[in-house]
>>> print(open('final.tsv').read())   # TSV, C-alpha atoms
chain	number	residue	atom	x	y	z
A	1	MET	CA	-19.17	58.60	31.64
A	2	GLY	CA	-20.32	62.01	32.81
A	3	GLN	CA	-19.15	63.12	36.24
A	4	GLU	CA	-18.64	59.56	37.46
A	5	GLU	CA	-15.18	58.36	38.41
A	6	GLU	CA	-13.38	57.00	35.35
A	7	ILE	CA	-12.70	53.26	35.32
A	8	VAL	CA	-9.12	52.65	34.22
A	9	PRO	CA	-8.29	49.29	32.58
A	10	VAL	CA	-5.71	47.14	34.33
A	11	ALA	CA	-2.30	47.42	32.67
A	12	SER	CA	-0.20	44.40	31.73
A	13	ASN	CA	2.62	45.63	33.97
A	14	ASP	CA	0.42	44.92	36.99
A	15	LEU	CA	2.37	41.98	38.40
A	16	THR	CA	-0.84	40.29	39.56
A	17	ALA	CA	-2.38	40.28	36.08
A	18	PRO	CA	-1.96	37.24	33.81
A	19	ASP	CA	0.06	37.58	30.62
A	20	ILE	CA	-1.27	35.94	27.46
A	21	LEU	CA	2.25	35.80	26.02
A	22	SER	CA	3.63	33.91	29.00
A	23	THR	CA	4.72	30.27	29.10
A	24	ASP	CA	2.01	29.54	31.68
A	25	PHE	CA	-0.63	30.83	29.28
A	26	ALA	CA	0.69	28.74	26.39
A	27	LEU	CA	0.54	25.63	28.57
A	28	ASP	CA	-2.96	26.23	29.95
A	29	PRO	CA	-4.86	29.24	28.56
A	30	TYR	CA	-8.20	28.22	30.03
A	31	SER	CA	-7.08	28.74	33.64
A	32	VAL	CA	-5.80	32.17	32.64
A	33	TYR	CA	-9.06	32.94	30.85
A	34	GLU	CA	-10.97	32.26	34.05
A	35	THR	CA	-8.76	34.72	35.93
A	36	LEU	CA	-9.13	37.34	33.21
A	37	ARG	CA	-12.92	37.07	33.04
A	38	SER	CA	-13.37	37.37	36.80
A	39	GLY	CA	-10.71	39.93	37.70
A	40	TYR	CA	-9.35	41.61	34.57
A	41	PRO	CA	-12.17	41.87	32.00
A	42	LEU	CA	-10.39	44.78	30.30
A	43	MET	CA	-6.61	44.89	30.30
A	44	TRP	CA	-4.02	46.87	28.35
A	45	HIS	CA	-1.16	44.71	27.09
A	46	GLU	CA	1.86	46.88	26.40
A	47	ALA	CA	3.88	44.34	24.39
A	48	MET	CA	0.97	43.63	22.04
A	49	GLY	CA	-0.19	47.26	21.93
A	50	SER	CA	-3.72	46.02	22.50
A	51	TYR	CA	-6.59	45.96	24.95
A	52	ILE	CA	-7.63	42.43	26.00
A	53	ILE	CA	-11.27	41.47	26.52
A	54	SER	CA	-12.45	38.05	27.71
A	55	ARG	CA	-16.13	38.07	28.74
A	56	TYR	CA	-18.70	36.66	26.34
A	57	ALA	CA	-20.87	39.78	26.34
A	58	ASP	CA	-17.90	42.01	25.50
A	59	VAL	CA	-16.50	39.75	22.78
A	60	GLU	CA	-19.96	39.37	21.25
A	61	ARG	CA	-20.37	43.15	21.17
A	62	ALA	CA	-16.95	43.69	19.60
A	63	MET	CA	-17.93	41.28	16.82
A	64	LYS	CA	-21.42	42.66	16.20
A	65	ASP	CA	-21.36	46.37	17.08
A	66	PRO	CA	-20.81	48.58	13.98
A	67	ALA	CA	-18.55	50.76	16.16
A	68	PHE	CA	-15.91	48.03	15.80
A	69	SER	CA	-14.12	47.55	12.48
A	70	ASN	CA	-11.53	45.17	11.03
A	71	ARG	CA	-9.06	47.96	10.21
A	72	ASN	CA	-6.44	46.17	12.29
A	73	TYR	CA	-6.21	43.70	9.40
A	74	ASP	CA	-4.54	46.47	7.37
A	75	TRP	CA	-1.31	45.71	9.23
A	76	GLN	CA	-2.08	42.21	10.51
A	77	LEU	CA	-3.08	40.44	7.27
A	78	GLU	CA	-2.61	42.70	4.25
A	79	PRO	CA	1.20	42.38	4.11
A	80	VAL	CA	0.93	38.63	3.43
A	81	HIS	CA	-2.47	38.36	1.67
A	82	GLY	CA	-3.02	41.69	0.02
A	83	ARG	CA	-6.28	43.53	0.70
A	84	THR	CA	-9.08	41.05	1.45
A	85	ILE	CA	-12.79	41.01	2.11
A	86	LEU	CA	-12.05	41.02	5.85
A	87	GLN	CA	-10.89	44.64	5.57
A	88	MET	CA	-13.93	45.87	3.67
A	89	ASP	CA	-17.00	47.53	5.15
A	90	GLY	CA	-20.38	48.78	3.99
A	91	ARG	CA	-21.49	48.29	0.40
A	92	GLU	CA	-18.06	47.17	-0.78
A	93	HIS	CA	-18.01	44.37	1.78
A	94	ALA	CA	-21.60	43.33	1.10
A	95	THR	CA	-21.05	43.20	-2.67
A	96	LYS	CA	-17.77	41.29	-2.59
A	97	ARG	CA	-19.13	38.86	0.01
A	98	ALA	CA	-22.18	38.27	-2.20
A	99	LEU	CA	-19.84	37.44	-5.11
A	100	ILE	CA	-17.93	34.87	-3.05
A	101	SER	CA	-20.36	33.19	-0.66
A	102	PRO	CA	-22.71	31.36	-3.11
A	103	ALA	CA	-19.79	29.22	-4.32
A	104	LEU	CA	-19.03	28.04	-0.78
A	105	ARG	CA	-22.48	26.88	0.24
A	106	GLY	CA	-25.76	25.51	-1.12
A	107	ARG	CA	-25.92	23.71	-4.46
A	108	ASP	CA	-22.32	24.38	-5.52
A	109	LEU	CA	-21.02	22.96	-2.25
A	110	ALA	CA	-23.31	19.93	-2.36
A	111	GLU	CA	-22.96	19.05	-6.04
A	112	LYS	CA	-19.52	20.28	-7.12
A	113	PHE	CA	-17.33	20.30	-4.05
A	114	THR	CA	-18.60	17.55	-1.72
A	115	PRO	CA	-17.35	14.87	-4.19
A	116	ILE	CA	-13.93	16.57	-4.03
A	117	ILE	CA	-13.97	16.35	-0.22
A	118	GLU	CA	-14.96	12.68	-0.44
A	119	ARG	CA	-12.23	11.81	-2.95
A	120	ASN	CA	-9.45	13.51	-0.99
A	121	SER	CA	-10.65	12.03	2.30
A	122	ARG	CA	-10.66	8.50	0.88
A	123	GLU	CA	-7.22	8.92	-0.68
A	124	LEU	CA	-5.68	10.12	2.57
A	125	ILE	CA	-7.41	7.44	4.67
A	126	ASP	CA	-6.33	4.72	2.22
A	127	GLY	CA	-2.77	5.87	2.82
A	128	PHE	CA	-2.78	4.73	6.45
A	129	ALA	CA	-5.84	2.51	7.03
A	130	SER	CA	-3.87	-0.70	6.52
A	131	GLU	CA	-1.11	0.27	8.97
A	132	GLY	CA	-3.06	0.09	12.24
A	133	ARG	CA	-1.38	3.21	13.61
A	134	THR	CA	-0.87	6.82	12.47
A	135	ASP	CA	-0.38	10.40	13.52
A	136	LEU	CA	-3.78	11.67	12.43
A	137	VAL	CA	-2.54	15.28	12.25
A	138	ALA	CA	0.26	14.56	9.79
A	139	SER	CA	-1.52	11.92	7.71
A	140	PHE	CA	-5.04	13.36	7.55
A	141	ALA	CA	-6.10	16.57	9.31
A	142	ASN	CA	-3.15	18.66	8.13
A	143	ARG	CA	-3.50	17.47	4.52
A	144	LEU	CA	-7.22	17.34	3.78
A	145	PRO	CA	-8.21	21.05	3.73
A	146	ILE	CA	-5.40	22.24	1.46
A	147	SER	CA	-5.86	19.36	-0.97
A	148	VAL	CA	-9.58	20.12	-1.12
A	149	ILE	CA	-9.01	23.85	-1.72
A	150	VAL	CA	-6.48	23.21	-4.52
A	151	ASP	CA	-8.90	20.84	-6.24
A	152	MET	CA	-11.88	23.17	-5.75
A	153	LEU	CA	-9.91	25.95	-7.42
A	154	GLY	CA	-9.20	23.66	-10.36
A	155	LEU	CA	-5.43	23.81	-9.92
A	156	PRO	CA	-3.05	20.93	-10.74
A	157	ARG	CA	-3.14	18.14	-8.16
A	158	ASP	CA	0.63	17.84	-8.56
A	159	ASP	CA	0.82	21.19	-6.75
A	160	HIS	CA	-0.76	19.92	-3.50
A	161	GLU	CA	2.64	19.87	-1.78
A	162	ARG	CA	3.60	23.32	-3.04
A	163	PHE	CA	0.36	24.77	-1.69
A	164	HIS	CA	0.86	22.99	1.60
A	165	GLN	CA	4.23	24.72	1.98
A	166	TRP	CA	2.73	28.11	1.09
A	167	TYR	CA	-0.09	27.51	3.56
A	168	SER	CA	2.35	26.72	6.37
A	169	SER	CA	4.32	29.89	5.65
A	170	ILE	CA	1.26	32.14	5.57
A	171	VAL	CA	-0.13	30.70	8.82
A	172	ALA	CA	3.24	31.16	10.54
A	173	PHE	CA	3.32	34.82	9.42
A	174	ILE	CA	-0.16	35.52	10.81
A	175	SER	CA	0.59	33.76	14.12
A	176	ASN	CA	3.96	35.50	14.55
A	177	LEU	CA	3.13	37.33	17.79
A	178	THR	CA	6.84	37.54	18.71
A	179	GLN	CA	7.67	39.18	15.34
A	180	ASP	CA	10.39	36.69	14.38
A	181	PRO	CA	12.05	38.33	11.33
A	182	ALA	CA	12.75	35.00	9.60
A	183	VAL	CA	9.07	34.02	9.82
A	184	ALA	CA	8.00	37.45	8.55
A	185	GLU	CA	10.45	37.23	5.61
A	186	ALA	CA	9.22	33.76	4.65
A	187	GLY	CA	5.61	34.97	4.67
A	188	LEU	CA	6.36	37.94	2.42
A	189	ARG	CA	8.32	35.68	0.05
A	190	THR	CA	5.32	33.34	-0.12
A	191	LYS	CA	3.08	36.25	-1.10
A	192	GLU	CA	5.35	36.98	-4.07
A	193	GLU	CA	5.53	33.33	-5.11
A	194	LEU	CA	1.78	32.80	-4.84
A	195	THR	CA	1.10	35.98	-6.83
A	196	ALA	CA	3.46	34.91	-9.61
A	197	TYR	CA	1.81	31.47	-9.71
A	198	LEU	CA	-1.83	32.59	-9.64
A	199	MET	CA	-2.01	35.71	-11.81
A	200	PRO	CA	-1.45	33.95	-15.19
A	201	ILE	CA	-3.98	31.26	-14.22
A	202	ILE	CA	-6.57	33.89	-13.23
A	203	GLU	CA	-6.10	35.61	-16.62
A	204	ALA	CA	-6.54	32.25	-18.37
A	205	ARG	CA	-9.76	31.44	-16.45
A	206	ARG	CA	-11.22	34.84	-17.31
A	207	ALA	CA	-10.59	34.09	-20.99
A	208	ALA	CA	-11.75	30.46	-20.83
A	209	PRO	CA	-13.76	29.68	-17.68
A	210	ARG	CA	-14.01	26.12	-16.40
A	211	ASP	CA	-16.26	24.40	-13.91
A	212	ASP	CA	-14.23	25.26	-10.82
A	213	LEU	CA	-14.12	27.76	-7.96
A	214	LEU	CA	-11.45	29.95	-9.52
A	215	SER	CA	-13.53	30.39	-12.69
A	216	THR	CA	-16.59	31.18	-10.56
A	217	LEU	CA	-14.66	33.93	-8.79
A	218	CYS	CA	-13.48	35.29	-12.17
A	219	THR	CA	-16.95	35.41	-13.72
A	220	ALA	CA	-19.27	36.24	-10.79
A	221	GLU	CA	-20.96	39.61	-11.24
A	222	ILE	CA	-23.44	41.71	-9.26
A	223	ASP	CA	-24.77	45.01	-10.66
A	224	GLY	CA	-21.83	45.19	-13.04
A	225	VAL	CA	-19.26	44.61	-10.28
A	226	ARG	CA	-16.70	41.82	-10.54
A	227	MET	CA	-13.70	40.92	-8.43
A	228	THR	CA	-10.38	42.21	-9.72
A	229	ASN	CA	-7.47	39.86	-10.37
A	230	GLU	CA	-5.75	41.18	-7.24
A	231	GLU	CA	-8.89	40.60	-5.13
A	232	ILE	CA	-9.19	37.03	-6.41
A	233	LYS	CA	-5.53	36.35	-5.66
A	234	SER	CA	-5.92	37.80	-2.15
A	235	PHE	CA	-9.03	35.73	-1.51
A	236	VAL	CA	-7.26	32.53	-2.56
A	237	SER	CA	-4.41	33.38	-0.18
A	238	LEU	CA	-6.92	34.07	2.60
A	239	LEU	CA	-8.77	30.84	1.79
A	240	LEU	CA	-5.57	28.84	2.15
A	241	ALA	CA	-4.86	30.25	5.61
A	242	ALA	CA	-8.33	30.73	7.05
A	243	ALA	CA	-10.06	27.66	5.63
A	244	GLY	CA	-6.95	25.52	5.72
A	245	GLU	CA	-5.72	25.99	9.26
A	246	THR	CA	-9.11	26.23	10.95
A	247	THR	CA	-10.44	23.05	9.34
A	248	ASP	CA	-7.16	21.22	9.90
A	249	LYS	CA	-7.20	21.99	13.62
A	250	ALA	CA	-10.99	21.57	13.96
A	251	ILE	CA	-10.71	17.98	12.71
A	252	THR	CA	-7.87	17.33	15.16
A	253	CYS	CA	-9.69	18.89	18.12
A	254	LEU	CA	-12.97	17.16	17.34
A	255	VAL	CA	-11.37	13.71	17.15
A	256	ARG	CA	-9.40	14.39	20.34
A	257	ASN	CA	-12.55	15.54	22.16
A	258	LEU	CA	-14.44	12.41	21.11
A	259	LEU	CA	-11.56	10.12	22.05
A	260	ASP	CA	-11.50	11.81	25.46
A	261	ASN	CA	-15.24	11.13	25.84
A	262	PRO	CA	-15.87	7.50	24.78
A	263	ASP	CA	-19.62	7.64	25.42
A	264	GLN	CA	-19.99	10.56	23.03
A	265	LEU	CA	-17.72	8.87	20.48
A	266	ALA	CA	-19.97	5.81	20.66
A	267	ALA	CA	-23.00	8.03	20.05
A	268	VAL	CA	-21.37	9.57	16.95
A	269	ARG	CA	-20.38	6.13	15.64
A	270	ALA	CA	-24.01	5.04	15.94
A	271	ASP	CA	-25.47	8.25	14.46
A	272	ARG	CA	-23.28	10.21	12.04
A	273	THR	CA	-25.70	13.14	12.03
A	274	LEU	CA	-24.23	13.91	15.47
A	275	ILE	CA	-20.97	15.00	13.83
A	276	ASP	CA	-22.52	18.46	13.39
A	277	ARG	CA	-23.23	18.59	17.12
A	278	ALA	CA	-19.72	17.40	17.92
A	279	LEU	CA	-18.23	20.07	15.66
A	280	ALA	CA	-20.37	22.85	17.13
A	281	GLU	CA	-19.41	21.84	20.66
A	282	THR	CA	-15.75	21.58	19.63
A	283	LEU	CA	-15.92	25.13	18.28
A	284	ARG	CA	-17.24	26.25	21.66
A	285	TYR	CA	-15.14	24.07	23.95
A	286	SER	CA	-11.80	24.17	22.12
A	287	PRO	CA	-11.99	26.82	19.38
A	288	VAL	CA	-9.14	26.63	16.90
A	289	VAL	CA	-8.82	30.42	16.64
A	290	GLN	CA	-8.34	31.54	20.22
A	291	MET	CA	-8.33	35.28	19.58
A	292	VAL	CA	-9.14	37.88	16.92
A	293	MET	CA	-8.54	41.61	16.81
A	294	ARG	CA	-10.92	44.51	16.26
A	295	GLN	CA	-10.63	48.32	16.25
A	296	PRO	CA	-13.35	50.70	17.52
A	297	ASP	CA	-14.06	53.85	15.52
A	298	ALA	CA	-15.37	55.60	18.65
A	299	ASP	CA	-14.80	55.34	22.41
A	300	VAL	CA	-16.59	52.22	23.63
A	301	GLU	CA	-17.40	51.28	27.22
A	302	LEU	CA	-17.15	47.59	28.04
A	303	SER	CA	-16.79	45.61	31.26
A	304	GLY	CA	-13.96	47.21	33.21
A	305	GLY	CA	-13.63	50.54	31.46
A	306	VAL	CA	-13.52	52.51	28.23
A	307	ILE	CA	-11.61	51.54	25.09
A	308	PRO	CA	-10.47	54.65	23.17
A	309	ALA	CA	-11.31	55.06	19.49
A	310	GLY	CA	-8.63	53.70	17.18
A	311	SER	CA	-7.25	51.21	19.71
A	312	THR	CA	-6.53	47.59	18.90
A	313	VAL	CA	-8.75	45.19	20.85
A	314	THR	CA	-7.88	41.50	21.21
A	315	CYS	CA	-11.04	39.44	21.65
A	316	LEU	CA	-10.35	36.19	23.48
A	317	ILE	CA	-12.66	33.70	21.75
A	318	GLY	CA	-11.44	30.84	23.92
A	319	ALA	CA	-12.37	32.78	27.07
A	320	ALA	CA	-15.76	33.95	25.78
A	321	ASN	CA	-16.81	30.45	24.78
A	322	ARG	CA	-16.21	29.19	28.30
A	323	ASP	CA	-17.88	32.07	30.11
A	324	PRO	CA	-20.11	30.55	32.85
A	325	ASP	CA	-22.46	33.52	32.45
A	326	ARG	CA	-23.26	32.20	28.95
A	327	PHE	CA	-22.83	28.41	29.11
A	328	ALA	CA	-23.62	25.92	31.86
A	329	GLU	CA	-20.64	23.82	32.94
A	330	PRO	CA	-18.50	25.51	30.28
A	331	ASP	CA	-15.39	23.42	30.98
A	332	VAL	CA	-17.24	20.19	30.11
A	333	PHE	CA	-17.34	18.88	26.52
A	334	ASP	CA	-20.94	17.85	25.90
A	335	LEU	CA	-22.25	17.53	22.35
A	336	PHE	CA	-25.76	17.16	23.78
A	337	ARG	CA	-25.74	20.46	25.69
A	338	THR	CA	-28.97	22.44	25.37
A	339	ASP	CA	-27.49	25.95	25.60
A	340	LEU	CA	-25.63	25.70	22.28
A	341	ASP	CA	-27.90	26.64	19.38
A	342	LEU	CA	-27.22	23.91	16.81
A	343	LYS	CA	-29.67	25.32	14.24
A	344	ARG	CA	-27.60	28.52	14.00
A	345	ALA	CA	-24.17	27.13	14.95
A	346	PHE	CA	-22.82	27.56	11.41
A	347	THR	CA	-24.45	30.92	10.67
A	348	ALA	CA	-23.87	34.56	11.58
A	349	GLY	CA	-26.43	34.09	14.38
A	350	ALA	CA	-24.38	31.44	16.21
A	351	ASN	CA	-24.10	31.74	19.99
A	352	HIS	CA	-20.50	30.55	20.06
A	353	THR	CA	-17.88	33.01	18.82
A	354	ALA	CA	-15.50	30.67	16.97
A	355	PHE	CA	-16.56	31.79	13.46
A	356	ALA	CA	-16.93	35.43	14.56
A	357	LEU	CA	-20.41	36.96	14.48
A	358	GLY	CA	-22.43	39.48	12.50
A	359	ARG	CA	-21.38	40.90	9.15
A	360	HIS	CA	-17.86	39.44	9.29
A	361	PHE	CA	-18.99	35.91	10.09
A	362	CYS	CA	-16.69	33.36	8.44
A	363	VAL	CA	-17.69	33.03	4.77
A	364	GLY	CA	-16.26	29.50	4.67
A	365	ALA	CA	-18.20	28.10	7.64
A	366	GLN	CA	-20.37	25.79	5.54
A	367	LEU	CA	-17.32	24.49	3.65
A	368	ALA	CA	-15.58	23.70	6.94
A	369	ARG	CA	-18.72	21.98	8.20
A	370	ALA	CA	-18.89	19.82	5.06
A	371	GLU	CA	-15.20	18.88	5.21
A	372	VAL	CA	-15.48	17.83	8.85
A	373	ALA	CA	-18.73	15.91	8.38
A	374	VAL	CA	-17.50	14.03	5.30
A	375	GLY	CA	-13.93	13.50	6.52
A	376	ILE	CA	-14.83	12.30	10.01
A	377	GLY	CA	-17.65	10.13	8.68
A	378	LEU	CA	-15.36	8.35	6.21
A	379	LEU	CA	-12.65	8.02	8.86
A	380	LEU	CA	-15.03	6.26	11.26
A	381	ASP	CA	-16.24	4.02	8.43
A	382	ALA	CA	-12.68	2.94	7.62
A	383	VAL	CA	-11.37	2.58	11.19
A	384	PRO	CA	-14.40	2.19	13.47
A	385	ASP	CA	-12.30	1.20	16.51
A	386	LEU	CA	-10.14	4.35	16.40
A	387	ARG	CA	-8.45	4.97	19.77
A	388	LEU	CA	-5.52	6.87	21.24
A	389	ALA	CA	-2.20	5.02	21.07
A	390	PRO	CA	-1.24	3.50	24.45
A	391	GLY	CA	0.75	5.92	26.57
A	392	PHE	CA	0.06	8.90	24.30
A	393	THR	CA	-1.62	12.04	25.66
A	394	PRO	CA	-2.50	14.80	23.17
A	395	VAL	CA	-0.98	18.17	24.10
A	396	ASP	CA	-2.44	21.40	22.74
A	397	ALA	CA	0.00	23.98	21.42
A	398	GLY	CA	-0.32	27.54	20.15
A	399	VAL	CA	-1.52	30.92	21.35
A	400	PHE	CA	-3.27	32.61	18.41
A	401	THR	CA	-4.52	29.25	17.13
A	402	ARG	CA	-4.49	26.10	19.23
A	403	ALA	CA	-4.73	22.33	18.75
A	404	PRO	CA	-2.65	19.19	19.36
A	405	GLU	CA	0.40	19.09	17.11
A	406	ARG	CA	0.27	15.27	17.09
A	407	LEU	CA	-2.58	12.81	17.51
A	408	LEU	CA	-1.21	9.28	17.65
A	409	VAL	CA	-4.00	6.74	17.19
A	410	GLU	CA	-4.36	3.00	16.75
A	411	PHE	CA	-7.02	0.86	15.09
A	412	THR	CA	-7.54	-2.52	13.54
A	413	PRO	CA	-5.87	-2.39	10.09
A	414	ALA	CA	-8.42	-2.20	7.30
>>> encode(input="final.tsv", output="structure tokens")
Amino acid sequence: MGQEEEIVPVASNDLTAPDILSTDFALDPYSVYETLRSGYPLMWHEAMGSYIISRYADVERAMKDPAFSNRNYDWQLEPVHGRTILQMDGREHATKRALISPALRGRDLAEKFTPIIERNSRELIDGFASEGRTDLVASFANRLPISVIVDMLGLPRDDHERFHQWYSSIVAFISNLTQDPAVAEAGLRTKEELTAYLMPIIEARRAAPRDDLLSTLCTAEIDGVRMTNEEIKSFVSLLLAAAGETTDKAITCLVRNLLDNPDQLAAVRADRTLIDRALAETLRYSPVVQMVMRQPDADVELSGGVIPAGSTVTCLIGAANRDPDRFAEPDVFDLFRTDLDLKRAFTAGANHTAFALGRHFCVGAQLARAEVAVGIGLLLDAVPDLRLAPGFTPVDAGVFTRAPERLLVEFTPA
């Protein structure tokens, strides 16, 4: 910054600064985000050991600028997953991503995996459609993604419940901002159990490949490079957590947003192609993942000051996606808004930040899109008069990830 006066980031011990680990934040993060964006765009949080950024332009830069890496995942994710593609950079990242991504989009997704999404959606819906009332989180949203992933991998359907338990343990480990030792221990135990379960199956699929995702991961090759058994195991673990929890909560948030806006729900009922718009706007308005971390390799100047090289930076996705400098009326859910780029909403060029941006854009974005489109479409077919149960108000919960824990709905029994 030359001879200019140095700008010092606000510290979290400033009693006027909001605290993202406080009860007030957990109850209503969006009011806190507004305060952070306007008055504390760069803040050091002592308890988290991290700088906090909240403005769209800063979060976008942290996701796209090569000066920022994912090295924070070495301590944040590797203990429970093993080393994953999220931690890789350069040629290694590009090669491993190229081995994985074709199986989660395009022809494979349309021809091999969409029927799996349809089958699991119908089975879950059939389980409650005749009852006239259900908690849509417990009976549908929380179950669909993991069941789909297990079936895509070609693993026994009898193991759906086992994988659901592993998924819950992994997600709790990653979201353990208070460092509860029991949660940490359960996550590490899950890593051992999942490794013991998967490694013999991976060896078997290498020897005798089948028509499933696990076999594709075992046999995919680019310029003589294949994924190792450990890399495949780590990716499956990552897929359970990243694809499972985000899709689970995205379904919940999307349905809640539509139920809160009956005119937009009516539009989606009349035209199912609008589900994509509703999902994109849900990702902006109520992103499931509220924050991600990055680490700059060099000193970087952002709004409010300079972040030193090697620091941990917490990027507040929920704040960035409601920045009034980027979106008009950001606190309004509007699937017809014109400042959200639908054509690129599920690509690395998206102008919301819910899937990250740039080279580390979510590799499973198209899978999540397909699960939501198919699942919500079949749900509205089966229970077209879906509505919130009388007297029930959905309440969001969570800090790292956020969505209603329950979604009580009623409908005419099928």
>>> residues_around(input="final.tsv", residues="Ile307 in chain A", least_positions_apart="3", cutoff="9 Å", atoms="all atoms listed in the file", output="compact mmCIF listing (two decimals) with C-alpha atoms, keeping the file's coordinate frame")
# COMPACT_ATOMS: atom_id res chain seq x y z
CA PRO A 9 -8.29 49.29 32.58
CA LEU A 42 -10.39 44.78 30.30
CA TYR A 51 -6.59 45.96 24.95
CA PRO A 296 -13.35 50.70 17.52
CA ALA A 298 -15.37 55.60 18.65
CA ASP A 299 -14.80 55.34 22.41
CA VAL A 300 -16.59 52.22 23.63
CA GLU A 301 -17.40 51.28 27.22
CA LEU A 302 -17.15 47.59 28.04
CA GLY A 310 -8.63 53.70 17.18
CA SER A 311 -7.25 51.21 19.71
CA THR A 312 -6.53 47.59 18.90
CA VAL A 313 -8.75 45.19 20.85
>>> closest_residue(input="final.tsv", among="A:Gly398, A:Leu198, A:Pro324, A:Asn120", to="Ser22 in chain A", atoms="only C-alpha atoms")
A:Gly398
>>> residues_around(input="final.tsv", residues="range 218-227 of chain A", least_positions_apart="3", cutoff="12 Å", atoms="all atoms listed in the file", output="PyMOL selection string")
chain A and resi 84-85+91-103+153+199+201-215+230-236
>>> closest_residue(input="final.tsv", among="A:Cys315, A:Ile20, A:Ala354, A:Arg402", to="Arg61 in chain A", atoms="only C-alpha atoms")
A:Cys315
>>> residues_near_point(input="final.tsv", point="(-22.8, 14.5, 20.4)", cutoff="12 Å", atoms="only C-alpha atoms", output="PyMOL selection string")
chain A and resi 254-255+257-258+261-282+333-338+340+342
>>> closest_residue(input="final.tsv", among="A:Phe327, A:Phe113, A:Phe355, A:Tyr285", to="Asp339 in chain A", atoms="all atoms listed in the file")
A:Phe327
>>> atom_distance(input="final.tsv", atom1="CA of Ala309 in chain A", atom2="CA of Ile53 in chain A")
15.3 Å
>>> residues_around(input="final.tsv", residues="Met291 in chain A", least_positions_apart="2", cutoff="9 Å", atoms="all atoms listed in the file", output="number ranges by chain")
A: 289, 293, 314-319, 354, 399-401
>>> atom_distance(input="final.tsv", atom1="CA of Leu259 in chain A", atom2="CA of Glu123 in chain A")
23.2 Å
>>> closest_residue(input="final.tsv", among="A:Ala389, A:Leu408, A:Leu379, A:Ile170", to="Arg122 in chain A", atoms="all atoms listed in the file")
A:Leu379
>>> atom_distance(input="final.tsv", atom1="CA of His160 in chain A", atom2="CA of Ala368 in chain A")
18.5 Å
>>> residues_around(input="final.tsv", residues="Thr190 in chain A", least_positions_apart="3", cutoff="7 Å", atoms="all atoms listed in the file", output="number ranges by chain")
A: 166, 169, 186-187, 193-194
>>> residues_around(input="final.tsv", residues="Gly358 in chain A", least_positions_apart="4", cutoff="12 Å", atoms="all atoms listed in the file", output="PyMOL selection string")
chain A and resi 59-66+68-69+346-353+362-363
>>> residues_near_point(input="final.tsv", point="(-15.8, 15.0, 11.7)", cutoff="7 Å", atoms="only C-alpha atoms", output="PyMOL selection string")
chain A and resi 251+254+275+279+372-377
>>> closest_residue(input="final.tsv", among="A:Ala370, A:Ala345, A:Val288, A:Val183", to="Val148 in chain A", atoms="all atoms listed in the file")
A:Ala370
>>> closest_residue(input="final.tsv", among="A:Arg406, A:His81, A:Arg71, A:Arg37", to="Arg256 in chain A", atoms="all atoms listed in the file")
A:Arg406
>>> build_atoms(input="final.tsv", residues="range 177-188 of chain A", atoms="N, CA and C atoms", output="PDB file, keeping the file's coordinate frame")
ATOM      1  N   LEU A 177       3.330  36.317  16.762  1.00  0.00           N
ATOM      2  CA  LEU A 177       3.130  37.330  17.790  1.00  0.00           C
ATOM      3  C   LEU A 177       4.453  37.873  18.321  1.00  0.00           C
ATOM      4  N   THR A 178       5.545  37.092  18.222  1.00  0.00           N
ATOM      5  CA  THR A 178       6.840  37.540  18.710  1.00  0.00           C
ATOM      6  C   THR A 178       7.633  38.296  17.645  1.00  0.00           C
ATOM      7  N   GLN A 179       7.048  38.420  16.437  1.00  0.00           N
ATOM      8  CA  GLN A 179       7.670  39.180  15.340  1.00  0.00           C
ATOM      9  C   GLN A 179       9.055  38.631  14.968  1.00  0.00           C
ATOM     10  N   ASP A 180       9.158  37.317  14.836  1.00  0.00           N
ATOM     11  CA  ASP A 180      10.390  36.690  14.380  1.00  0.00           C
ATOM     12  C   ASP A 180      10.666  37.135  12.942  1.00  0.00           C
ATOM     13  N   PRO A 181      11.803  37.791  12.679  1.00  0.00           N
ATOM     14  CA  PRO A 181      12.050  38.330  11.330  1.00  0.00           C
ATOM     15  C   PRO A 181      12.141  37.257  10.251  1.00  0.00           C
ATOM     16  N   ALA A 182      12.646  36.075  10.593  1.00  0.00           N
ATOM     17  CA  ALA A 182      12.750  35.000   9.600  1.00  0.00           C
ATOM     18  C   ALA A 182      11.366  34.529   9.170  1.00  0.00           C
ATOM     19  N   VAL A 183      10.446  34.427  10.128  1.00  0.00           N
ATOM     20  CA  VAL A 183       9.070  34.020   9.820  1.00  0.00           C
ATOM     21  C   VAL A 183       8.390  35.078   8.963  1.00  0.00           C
ATOM     22  N   ALA A 184       8.594  36.353   9.317  1.00  0.00           N
ATOM     23  CA  ALA A 184       8.000  37.450   8.550  1.00  0.00           C
ATOM     24  C   ALA A 184       8.533  37.452   7.108  1.00  0.00           C
ATOM     25  N   GLU A 185       9.849  37.255   6.953  1.00  0.00           N
ATOM     26  CA  GLU A 185      10.450  37.230   5.610  1.00  0.00           C
ATOM     27  C   GLU A 185       9.902  36.082   4.776  1.00  0.00           C
ATOM     28  N   ALA A 186       9.753  34.919   5.382  1.00  0.00           N
ATOM     29  CA  ALA A 186       9.220  33.760   4.650  1.00  0.00           C
ATOM     30  C   ALA A 186       7.786  34.016   4.196  1.00  0.00           C
ATOM     31  N   GLY A 187       6.985  34.663   5.040  1.00  0.00           N
ATOM     32  CA  GLY A 187       5.610  34.970   4.670  1.00  0.00           C
ATOM     33  C   GLY A 187       5.528  35.929   3.508  1.00  0.00           C
ATOM     34  N   LEU A 188       6.359  36.964   3.515  1.00  0.00           N
ATOM     35  CA  LEU A 188       6.360  37.940   2.420  1.00  0.00           C
ATOM     36  C   LEU A 188       6.864  37.300   1.120  1.00  0.00           C
TER      37      LEU A 188
END
